[in-house]
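A.B. asks: Sending over a structure as structure tokens; questions will come in a sec.
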There are 2 protein chains.
Amino acid sequence: MGFIDKLRARWRDADTLLCVGLDPDLARLPERFLAGDALDEGEALFGFCRDIADATAEFACAFKPQIAYFAAHNGGEAALQRLIAHINAAHPQVPVILDAKRGDIGSTAQQYACEAFERYGADAVTLNPYMGRDSAQPFLQYNDRGCIFLCHTSNPGARDFQELPVDGEPLYRRIARTIAGDWNADGNCALVVGATYPRELAEIRAIVGDMPLLIPGVGAQGGDVEAVVRNGKTADGSGLMINSSRGILYAASGEGYAEAAAQAARELRDTINRWR
Amino acid sequence: MGFIDKLRARWRDADTLLCVGLDPDLARLPERFLAGDALDEGEALFGFCRDIADATAEFACAFKPQIAYFAAHNGGEAALQRLIAHINAAHPQVPVILDAKRGDIGSTAQQYACEAFERYGADAVTLNPYMGRDSAQPFLQYNDRGCIFLCHTSNPGARDFQELPVDGEPLYRRIARTIAGDWNADGNCALVVGATYPRELAEIRAIVGDMPLLIPGVGAQGGDVEAVVRNGKTADGSGLMINSSRGILYAASGEGYAEAAAQAARELRDTINRWR
């Protein structure tokens with residue numbers, strides 16, 4: 001079953017649009033992972049994320065590990081491999097999105113596709129579309145995997161280039177239209193749209209039909225859940241992967257971190273469902 | 001000494017504008033690296049690139065390892081760390097550009113900056129500007145390191161979005177102007193401009209003054225050296241890092257790979273210098 005079908009099945013079967021972001025900041029992990037003189041960074045990254053994944057899986061339509069938080073540390077890649085393997089084994093019904101925002105010329109993109117889909121075994125990967133169609137092709141060719149392209153991101157700097165006017169419409173709309181058309185021939189594309197820009201989210205939903213949208217920016221970044229669901233949902237009340245990372249990972253700083261994460265995930269799932 | 005000063009010193013002292021790209025494709029390595037039942041991929045990636053670096057250092061103004069070729073394999077990151085440490089020890093006058101094309105929101109970009117500058121110890125990193133200024137800030141803050149932003153890339157798909165008309169000029173020119181202005185307050189920015197678009201290169205040079213430009217696309221991708229140097233050089237005949245990867249790495253496929261790489265690097269340096 002390809003990523004998009006796996007995601008749709010999960011939306012339906014678990015009644016959740018919540019994506020749990022796994023961005024393990026070593027400086028914010030509970031004490032128990034940081035104790036001892038010989039801190040094993042990889043072990044800490046893996047152990048914390050495994051606990052969060054196990055605690056929140058029932059509320060999650062997807063897990064989204066952010067590779068940067070692993071790649072900043074020696075041993076981080078092995079920890080990420082173990083984490084994804086654990087999720088695939090323990091929670092096989094929850095797809096894994098590798099948040100990596102890759103993008104390069106074709107021969108190099110082929111290597112990045114190997115990294116995401118072969119080495120890590122991710123169901124989907126986030127990609128930067130700036131280099132154009134041929135830079136996306138090596139990823140698109142894995143037609144059972146998801147290719148989730150940046151469209152309008154959640155940060156303030158999204159305004160710098162993504163909103164520039166192109167032939168009478170902002171660039172992000174042109175990008176949405178291009179990806180929903182030509183790039184999506186195999187039906188394995190999705191887009192990133194920040195929760196912090198609900199008006200733009202509505203515009204993008206109108207362009208892309210029922211294409212899945214990955215929505216960062218709820219929680220620490222200030223995005224409003226009601227506006228996201230109202231403006232972003234499809235006719236059947238799905239179509240969204242609403243991500244929360246910090247709000248779940250660091251819901252509590254002490255020994256109760258896993259229970260607090262589960263509670264935060266449950267509450268956010270319920271808040272989302274209230275507006276579907 | 002910061003990246004830009006180190007690069008300028010190297011241009012002057014070694015009389016070369018050649019950047020040697022280290023993109024080790026396991027499928028194309030000489031037999032000796034692939035022998036035996038228990039292929040150690042990391043050892044092969046490191047050993048081949050070390051030999052190429054040692055053979056070509058005297059002709060290089062910079063080395064540019066492409067992280068995707070390492071990240072596709074288990075053990076690739078350790079190989080990349082060893083490679084950069086080797087270059088820093090054996091060829092300290094040649095700066096190392098980590099080709100990674102990173103770009104993400106600020107908190108994640110901070111982790112990527114740690115990856116490039118702390119973990120790998122690179123002098124510079126390539127970055128994707130699509131997410132805007134705040135996504136660049138964590139990199140720019142390392143004001144002794146270089147931030148090399150995609151502007152007009154070398155691939156065919158560069159036309160898809162980078163050339164879209166924005167307020168009467170193509171997007172890549174707007175990006176060049178923005179980065180050369182506001183983003184370059186600490187003087188540590190550079191741009192990627194593909195050799196395959198020499199007209200656009202001339203336009204960008206006119207916008208950015210003497211900012212260094214990293215030029216991929218000579219060789220396998222078909223860029224013309226004369227046009228690149230004529231259109232891209234600064235008044236003093238420098239300003240360029242003209243990259244060749246495959247044309248040097250795979251100049252010979254057998255045991256003479258290092259000598260062939262040195263010969264190819266020498267010839268390309270000389271060809272470049274003919275037009276300065």
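Chains: A, B, ... in order of the structure tokens. Residues: from 1 per chain. Ligands: from 1, in order shown.
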Specify as a CSV table (one decimal) with N, CA and C atoms, in the first residue's frame all residues of chain A found within 9 Å of chain B, counting only C-alpha atoms.
C.D. replies:
```
chain,number,residue,atom,x,y,z
A,23,ASP,N,11.2,15.9,16.9
A,23,ASP,CA,12.3,16.9,16.7
A,23,ASP,C,13.1,16.9,18.0
A,25,ASP,N,15.4,17.7,20.6
A,25,ASP,CA,16.5,18.7,21.0
A,25,ASP,C,17.2,18.2,22.2
A,66,GLN,N,12.2,14.9,12.2
A,66,GLN,CA,13.0,16.0,11.5
A,66,GLN,C,14.5,15.6,11.6
A,67,ILE,N,15.0,15.3,10.4
A,67,ILE,CA,16.4,14.7,10.3
A,67,ILE,C,17.4,15.7,10.9
A,68,ALA,N,17.2,17.0,10.8
A,68,ALA,CA,18.2,17.9,11.3
A,68,ALA,C,18.6,17.7,12.8
A,69,TYR,N,17.6,17.3,13.6
A,69,TYR,CA,17.9,17.1,15.0
A,69,TYR,C,18.7,15.9,15.3
A,70,PHE,N,18.7,14.9,14.3
A,70,PHE,CA,19.6,13.8,14.4
A,70,PHE,C,20.9,14.1,13.8
A,71,ALA,N,20.9,14.7,12.6
A,71,ALA,CA,22.1,15.0,11.9
A,71,ALA,C,23.1,15.9,12.6
A,72,ALA,N,22.6,16.6,13.6
A,72,ALA,CA,23.5,17.6,14.3
A,72,ALA,C,24.5,16.8,15.2
A,73,HIS,N,24.2,15.5,15.4
A,73,HIS,CA,25.0,14.8,16.4
A,73,HIS,C,25.6,13.5,15.8
A,74,ASN,N,26.8,13.2,16.3
A,74,ASN,CA,27.4,11.9,16.0
A,74,ASN,C,26.5,10.8,16.4
A,75,GLY,N,26.3,9.8,15.5
A,75,GLY,CA,25.4,8.7,15.9
A,75,GLY,C,24.0,9.0,15.6
A,77,GLU,N,22.3,9.4,12.8
A,77,GLU,CA,21.7,8.7,11.7
A,77,GLU,C,21.3,7.3,12.2
A,78,ALA,N,22.1,6.6,12.9
A,78,ALA,CA,21.8,5.3,13.4
A,78,ALA,C,20.6,5.3,14.3
A,100,ALA,N,13.0,16.4,5.7
A,100,ALA,CA,14.4,16.7,5.3
A,100,ALA,C,14.5,17.8,4.3
A,101,LYS,N,13.4,18.2,3.6
A,101,LYS,CA,13.4,19.3,2.7
A,101,LYS,C,14.5,19.3,1.7
A,102,ARG,N,14.7,18.1,1.1
A,102,ARG,CA,15.8,17.9,0.1
A,102,ARG,C,15.4,18.5,-1.2
A,103,GLY,N,16.4,18.7,-2.0
A,103,GLY,CA,16.2,19.2,-3.4
A,103,GLY,C,17.6,19.4,-4.0
A,104,ASP,N,17.8,18.8,-5.2
A,104,ASP,CA,19.1,19.0,-5.9
A,104,ASP,C,18.9,18.5,-7.3
A,105,ILE,N,20.0,18.6,-8.2
A,105,ILE,CA,19.9,18.1,-9.5
A,105,ILE,C,19.7,16.6,-9.5
A,106,GLY,N,19.2,16.1,-10.7
A,106,GLY,CA,18.8,14.7,-10.8
A,106,GLY,C,19.7,13.7,-10.2
A,108,THR,N,22.1,13.9,-8.1
A,108,THR,CA,22.2,14.0,-6.6
A,108,THR,C,20.9,13.7,-5.9
A,109,ALA,N,19.8,14.1,-6.5
A,109,ALA,CA,18.4,13.8,-6.0
A,109,ALA,C,18.2,12.3,-5.9
A,110,GLN,N,18.8,11.6,-6.8
A,110,GLN,CA,18.7,10.1,-6.8
A,110,GLN,C,19.3,9.6,-5.5
A,111,GLN,N,20.4,10.2,-5.1
A,111,GLN,CA,21.1,9.7,-3.8
A,111,GLN,C,20.3,10.1,-2.6
A,112,TYR,N,19.7,11.3,-2.7
A,112,TYR,CA,18.8,11.7,-1.5
A,112,TYR,C,17.6,10.8,-1.5
A,113,ALA,N,17.0,10.4,-2.6
A,113,ALA,CA,15.9,9.5,-2.6
A,113,ALA,C,16.3,8.2,-2.0
A,114,CYS,N,17.5,7.7,-2.3
A,114,CYS,CA,18.0,6.5,-1.7
A,114,CYS,C,18.1,6.7,-0.2
A,115,GLU,N,18.6,7.8,0.3
A,115,GLU,CA,18.7,8.1,1.7
A,115,GLU,C,17.4,8.0,2.4
A,116,ALA,N,16.4,8.7,1.8
A,116,ALA,CA,15.0,8.7,2.5
A,116,ALA,C,14.3,7.4,2.4
A,118,GLU,N,15.3,4.2,0.9
A,118,GLU,CA,16.0,2.9,1.0
A,118,GLU,C,16.7,2.8,2.4
A,119,ARG,N,17.5,3.8,2.7
A,119,ARG,CA,18.3,3.7,3.9
A,119,ARG,C,17.4,3.8,5.1
A,128,ASN,N,12.0,20.4,-1.3
A,128,ASN,CA,12.0,21.8,-1.7
A,128,ASN,C,11.9,21.9,-3.2
A,129,PRO,N,10.8,22.6,-3.7
A,129,PRO,CA,10.6,22.6,-5.2
A,129,PRO,C,11.4,23.6,-6.0
A,130,TYR,N,12.2,24.4,-5.3
A,130,TYR,CA,12.8,25.5,-6.0
A,130,TYR,C,13.6,25.2,-7.3
A,131,MET,N,14.2,24.0,-7.3
A,131,MET,CA,15.1,23.6,-8.4
A,131,MET,C,14.3,22.9,-9.6
A,132,GLY,N,13.0,22.8,-9.4
A,132,GLY,CA,12.2,22.4,-10.6
A,132,GLY,C,11.9,20.9,-10.7
A,133,ARG,N,11.2,20.6,-11.8
A,133,ARG,CA,10.7,19.3,-12.0
A,133,ARG,C,11.7,18.2,-12.1
A,134,ASP,N,12.8,18.4,-12.8
A,134,ASP,CA,13.8,17.3,-12.9
A,134,ASP,C,14.5,17.0,-11.5
A,135,SER,N,14.5,18.0,-10.6
A,135,SER,CA,15.0,17.7,-9.3
A,135,SER,C,14.1,16.9,-8.4
A,150,LEU,N,7.3,21.8,-0.3
A,150,LEU,CA,7.1,23.1,0.4
A,150,LEU,C,6.3,23.9,-0.6
A,152,HIS,N,3.7,26.9,0.9
A,152,HIS,CA,3.7,28.2,1.7
A,152,HIS,C,4.1,27.7,3.1
A,153,THR,N,5.3,28.1,3.6
A,153,THR,CA,5.8,27.6,4.9
A,153,THR,C,5.3,28.4,6.0
A,154,SER,N,5.5,27.9,7.3
A,154,SER,CA,4.9,28.5,8.4
A,154,SER,C,5.6,29.7,9.0
A,155,ASN,N,6.8,29.9,8.6
A,155,ASN,CA,7.7,30.9,9.2
A,155,ASN,C,7.5,32.3,8.7
A,156,PRO,N,7.9,33.4,9.4
A,156,PRO,CA,7.7,34.8,8.9
A,156,PRO,C,8.4,35.0,7.5
A,157,GLY,N,9.6,34.4,7.3
A,157,GLY,CA,10.3,34.5,6.0
A,157,GLY,C,9.6,33.9,4.8
A,158,ALA,N,8.5,33.2,5.1
A,158,ALA,CA,7.7,32.7,3.9
A,158,ALA,C,7.3,33.8,3.0
A,159,ARG,N,7.1,35.0,3.6
A,159,ARG,CA,6.7,36.2,2.8
A,159,ARG,C,7.7,36.7,1.8
A,160,ASP,N,9.0,36.4,2.1
A,160,ASP,CA,10.1,37.0,1.4
A,160,ASP,C,10.1,36.6,-0.1
A,161,PHE,N,9.9,35.3,-0.4
A,161,PHE,CA,9.9,34.9,-1.8
A,161,PHE,C,8.6,34.2,-2.2
A,162,GLN,N,8.0,33.5,-1.3
A,162,GLN,CA,6.9,32.6,-1.6
A,162,GLN,C,5.7,33.4,-2.0
A,164,LEU,N,5.8,36.4,-3.6
A,164,LEU,CA,6.1,37.4,-4.7
A,164,LEU,C,5.1,37.2,-5.8
A,165,PRO,N,4.6,38.3,-6.4
A,165,PRO,CA,3.6,38.2,-7.5
A,165,PRO,C,4.2,37.7,-8.8
A,166,VAL,N,3.6,36.6,-9.3
A,166,VAL,CA,4.0,36.0,-10.6
A,166,VAL,C,2.8,35.9,-11.5
A,167,ASP,N,2.9,36.7,-12.6
A,167,ASP,CA,1.8,36.7,-13.6
A,167,ASP,C,0.4,36.9,-12.8
A,171,LEU,N,3.6,33.4,-5.9
A,171,LEU,CA,4.4,32.3,-6.3
A,171,LEU,C,3.9,31.0,-5.7
A,174,ARG,N,1.3,29.4,-7.8
A,174,ARG,CA,1.8,28.9,-9.0
A,174,ARG,C,2.4,27.5,-8.7
A,175,ILE,N,3.2,27.4,-7.6
A,175,ILE,CA,3.8,26.2,-7.3
A,175,ILE,C,2.8,25.1,-6.9
```
A.B. asks: Where does DSSP see alpha helix (DSSP H) in segment 110-185 of chain A, if you list the residues as a ChimeraX atom specification?
C.D. replies: /A:110-113,133-140,158-161,171-180
A.B. asks: Name the residues of segment 23-190 of chain B that come out as strand (DSSP E or B) in a backbone DSSP run; write them as number ranges by chain.
C.D. replies: B: 62-66, 96-102, 124-127, 146-152, 165-166, 169-170, 189-190
A.B. asks: For the residues in that selection, give me N, CA and C atoms as a PDB file, in the first residue's frame.
C.D. replies:
```pdb
ATOM      1  N   ALA B  62      38.875  25.214  -3.864  1.00  0.00           N
ATOM      2  CA  ALA B  62      37.961  24.699  -2.831  1.00  0.00           C
ATOM      3  C   ALA B  62      37.651  23.249  -3.144  1.00  0.00           C
ATOM      4  N   PHE B  63      37.297  22.507  -2.097  1.00  0.00           N
ATOM      5  CA  PHE B  63      36.714  21.174  -2.259  1.00  0.00           C
ATOM      6  C   PHE B  63      35.239  21.259  -1.899  1.00  0.00           C
ATOM      7  N   LYS B  64      34.433  20.505  -2.640  1.00  0.00           N
ATOM      8  CA  LYS B  64      32.992  20.540  -2.374  1.00  0.00           C
ATOM      9  C   LYS B  64      32.432  19.117  -2.283  1.00  0.00           C
ATOM     10  N   PRO B  65      32.488  18.508  -1.081  1.00  0.00           N
ATOM     11  CA  PRO B  65      31.812  17.216  -0.932  1.00  0.00           C
ATOM     12  C   PRO B  65      30.295  17.394  -0.976  1.00  0.00           C
ATOM     13  N   GLN B  66      29.632  16.502  -1.708  1.00  0.00           N
ATOM     14  CA  GLN B  66      28.163  16.514  -1.817  1.00  0.00           C
ATOM     15  C   GLN B  66      27.625  15.487  -0.813  1.00  0.00           C
ATOM     16  N   VAL B  96      36.642  24.054   2.504  1.00  0.00           N
ATOM     17  CA  VAL B  96      35.710  22.958   2.224  1.00  0.00           C
ATOM     18  C   VAL B  96      34.276  23.487   2.251  1.00  0.00           C
ATOM     19  N   ILE B  97      33.592  23.270   1.142  1.00  0.00           N
ATOM     20  CA  ILE B  97      32.173  23.649   1.018  1.00  0.00           C
ATOM     21  C   ILE B  97      31.340  22.380   1.148  1.00  0.00           C
ATOM     22  N   LEU B  98      30.471  22.321   2.147  1.00  0.00           N
ATOM     23  CA  LEU B  98      29.566  21.185   2.265  1.00  0.00           C
ATOM     24  C   LEU B  98      28.348  21.461   1.390  1.00  0.00           C
ATOM     25  N   ASP B  99      28.192  20.658   0.340  1.00  0.00           N
ATOM     26  CA  ASP B  99      27.059  20.867  -0.575  1.00  0.00           C
ATOM     27  C   ASP B  99      25.864  20.098  -0.013  1.00  0.00           C
ATOM     28  N   ALA B 100      24.921  20.821   0.589  1.00  0.00           N
ATOM     29  CA  ALA B 100      23.823  20.177   1.308  1.00  0.00           C
ATOM     30  C   ALA B 100      22.467  20.804   0.989  1.00  0.00           C
ATOM     31  N   LYS B 101      22.481  22.030   0.495  1.00  0.00           N
ATOM     32  CA  LYS B 101      21.255  22.739   0.074  1.00  0.00           C
ATOM     33  C   LYS B 101      20.177  22.689   1.144  1.00  0.00           C
ATOM     34  N   ARG B 102      20.572  22.981   2.380  1.00  0.00           N
ATOM     35  CA  ARG B 102      19.654  22.966   3.499  1.00  0.00           C
ATOM     36  C   ARG B 102      18.764  24.206   3.491  1.00  0.00           C
ATOM     37  N   ALA B 124      32.039  26.327   4.589  1.00  0.00           N
ATOM     38  CA  ALA B 124      30.864  26.938   3.956  1.00  0.00           C
ATOM     39  C   ALA B 124      29.847  25.844   3.686  1.00  0.00           C
ATOM     40  N   VAL B 125      28.596  26.257   3.453  1.00  0.00           N
ATOM     41  CA  VAL B 125      27.536  25.291   3.156  1.00  0.00           C
ATOM     42  C   VAL B 125      26.635  25.881   2.072  1.00  0.00           C
ATOM     43  N   THR B 126      26.087  25.034   1.221  1.00  0.00           N
ATOM     44  CA  THR B 126      25.102  25.518   0.254  1.00  0.00           C
ATOM     45  C   THR B 126      23.711  25.475   0.885  1.00  0.00           C
ATOM     46  N   LEU B 127      22.892  26.480   0.546  1.00  0.00           N
ATOM     47  CA  LEU B 127      21.581  26.666   1.177  1.00  0.00           C
ATOM     48  C   LEU B 127      20.520  26.995   0.142  1.00  0.00           C
ATOM     49  N   GLY B 146      30.933  30.502   5.263  1.00  0.00           N
ATOM     50  CA  GLY B 146      30.260  30.964   4.060  1.00  0.00           C
ATOM     51  C   GLY B 146      28.867  30.371   3.920  1.00  0.00           C
ATOM     52  N   CYS B 147      27.925  31.202   3.456  1.00  0.00           N
ATOM     53  CA  CYS B 147      26.551  30.772   3.185  1.00  0.00           C
ATOM     54  C   CYS B 147      26.319  30.952   1.689  1.00  0.00           C
ATOM     55  N   ILE B 148      26.234  29.837   0.978  1.00  0.00           N
ATOM     56  CA  ILE B 148      26.183  29.882  -0.483  1.00  0.00           C
ATOM     57  C   ILE B 148      24.776  29.497  -0.926  1.00  0.00           C
ATOM     58  N   PHE B 149      24.002  30.492  -1.357  1.00  0.00           N
ATOM     59  CA  PHE B 149      22.582  30.291  -1.635  1.00  0.00           C
ATOM     60  C   PHE B 149      22.325  29.959  -3.108  1.00  0.00           C
ATOM     61  N   LEU B 150      21.396  29.033  -3.325  1.00  0.00           N
ATOM     62  CA  LEU B 150      20.943  28.751  -4.687  1.00  0.00           C
ATOM     63  C   LEU B 150      20.326  30.016  -5.276  1.00  0.00           C
ATOM     64  N   CYS B 151      20.724  30.342  -6.497  1.00  0.00           N
ATOM     65  CA  CYS B 151      20.149  31.498  -7.171  1.00  0.00           C
ATOM     66  C   CYS B 151      19.550  31.021  -8.504  1.00  0.00           C
ATOM     67  N   HIS B 152      20.416  30.695  -9.457  1.00  0.00           N
ATOM     68  CA  HIS B 152      19.957  30.093 -10.721  1.00  0.00           C
ATOM     69  C   HIS B 152      20.760  28.810 -10.888  1.00  0.00           C
ATOM     70  N   PRO B 165       8.556  35.543 -13.844  1.00  0.00           N
ATOM     71  CA  PRO B 165       8.652  37.013 -13.780  1.00  0.00           C
ATOM     72  C   PRO B 165       8.024  37.573 -12.508  1.00  0.00           C
ATOM     73  N   VAL B 166       8.815  38.349 -11.772  1.00  0.00           N
ATOM     74  CA  VAL B 166       8.378  38.980 -10.527  1.00  0.00           C
ATOM     75  C   VAL B 166       8.588  40.484 -10.656  1.00  0.00           C
ATOM     76  N   GLU B 169      11.004  41.394 -13.377  1.00  0.00           N
ATOM     77  CA  GLU B 169      12.308  40.742 -13.522  1.00  0.00           C
ATOM     78  C   GLU B 169      12.175  39.297 -13.058  1.00  0.00           C
ATOM     79  N   PRO B 170      13.040  38.413 -13.556  1.00  0.00           N
ATOM     80  CA  PRO B 170      12.921  37.015 -13.143  1.00  0.00           C
ATOM     81  C   PRO B 170      13.266  36.823 -11.659  1.00  0.00           C
ATOM     82  N   CYS B 189      28.153  35.902   2.375  1.00  0.00           N
ATOM     83  CA  CYS B 189      27.265  35.221   1.422  1.00  0.00           C
ATOM     84  C   CYS B 189      27.944  34.993   0.079  1.00  0.00           C
ATOM     85  N   ALA B 190      27.467  33.975  -0.624  1.00  0.00           N
ATOM     86  CA  ALA B 190      27.847  33.700  -2.002  1.00  0.00           C
ATOM     87  C   ALA B 190      26.617  33.095  -2.673  1.00  0.00           C
TER      88      ALA B 190
END
```
A.B. asks: Neighbouring residues of Gly232 of chain A were defined as those with any atom within 8 Å, considering only C-alpha atoms; residues of the same chain fewer than 3 positions away were excluded. Please report them as a PyMOL selection string.
C.D. replies: chain A and resi 198+201-202+205+213+228-229+239-240
A.B. asks: Applying 10 Å and only C-alpha atoms, which residues near Ala260 of chain A remain after dropping the ones on its own chain fewer than 3 positions away? List them as a VMD selection string.
C.D. replies: chain A and resid 52 55 to 56 247 to 257 263 to 266
A.B. asks: Rounded to one decimal place, report the atom CA of Gln221 of chain A-atom CA of Leu191 of chain A distance in Å.
C.D. replies: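 Those two atoms sit 18.6 Å apart.
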A.B. asks: Quote the spacing between atom CA of Gly194 of chain B and atom CA of Ala220 of chain B in Å to one decimal place.
C.D. replies: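 We find that atom CA of Gly194 of chain B and atom CA of Ala220 of chain B lie 12.4 Å from each other.
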A.B. asks: Of the candidates B:Ala85, B:Met211, B:Leu17, B:Ala206, which shows the shortest atom-to-atom distance to Asn184 of chain B, using only C-alpha atoms?
C.D. replies: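 Closest residue, counting only C-alpha atoms: B:Met211.
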A.B. asks: Excluding segment 143-145 of chain A and its own-chain neighbours fewer than 2 positions away, which residues fall within 6 Å of it when counting only C-alpha atoms? Please give them as a list of chain:residue names.
C.D. replies: A:Gly2, A:Phe3, A:Asp123, A:Ala124, A:Leu140, A:Gln141
A.B. asks: I want to know what sits within 12 Å of Leu34 of chain A, based on only C-alpha atoms, with residues of the same chain fewer than 4 positions away left out; could you give that as a list in words?
C.D. replies: Asp25, Leu26, Ala27, Arg28, Leu29, Pro30, Ala38, Leu39, Asp40, Glu41, Gly42, Glu43, Ala44, Leu45, Gly47, Phe48 and Gly254 of chain A
A.B. asks: Store the residues picked out above in a file with C-alpha atoms, as a compact mmCIF listing (two decimals), in the first residue's frame.
C.D. replies:
```
# COMPACT_ATOMS: atom_id res chain seq x y z
CA ASP A 25 16.45 18.71 20.96
CA LEU A 26 19.13 17.24 23.23
CA ALA A 27 19.07 20.36 25.39
CA ARG A 28 15.39 19.77 26.22
CA LEU A 29 15.33 16.04 26.89
CA PRO A 30 14.31 14.77 30.34
CA ALA A 38 29.45 9.18 28.98
CA LEU A 39 26.34 10.58 27.33
CA ASP A 40 25.46 8.51 24.31
CA GLU A 41 23.72 11.09 22.14
CA GLY A 42 22.33 8.54 19.69
CA GLU A 43 20.91 6.45 22.51
CA ALA A 44 19.25 9.53 24.04
CA LEU A 45 17.73 10.65 20.71
CA GLY A 47 15.14 6.41 23.51
CA PHE A 48 13.24 9.67 23.91
CA GLY A 254 10.33 15.53 34.10
```
A.B. asks: Counting only C-alpha atoms, which residue out of B:Ile207, B:Ala53, B:Ala185, B:Val94 sits closest to Thr16 of chain B?
C.D. replies: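 Of the candidates, the smallest distance to Thr16 of chain B is held by B:Val94.
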A.B. asks: Applying 9 Å and only C-alpha atoms, which residues near Gly222 of chain A remain after dropping the ones on its own chain fewer than 3 positions away? List them as an MDAnalysis selection string.
C.D. replies: chainID A and resid 195:196 217:219
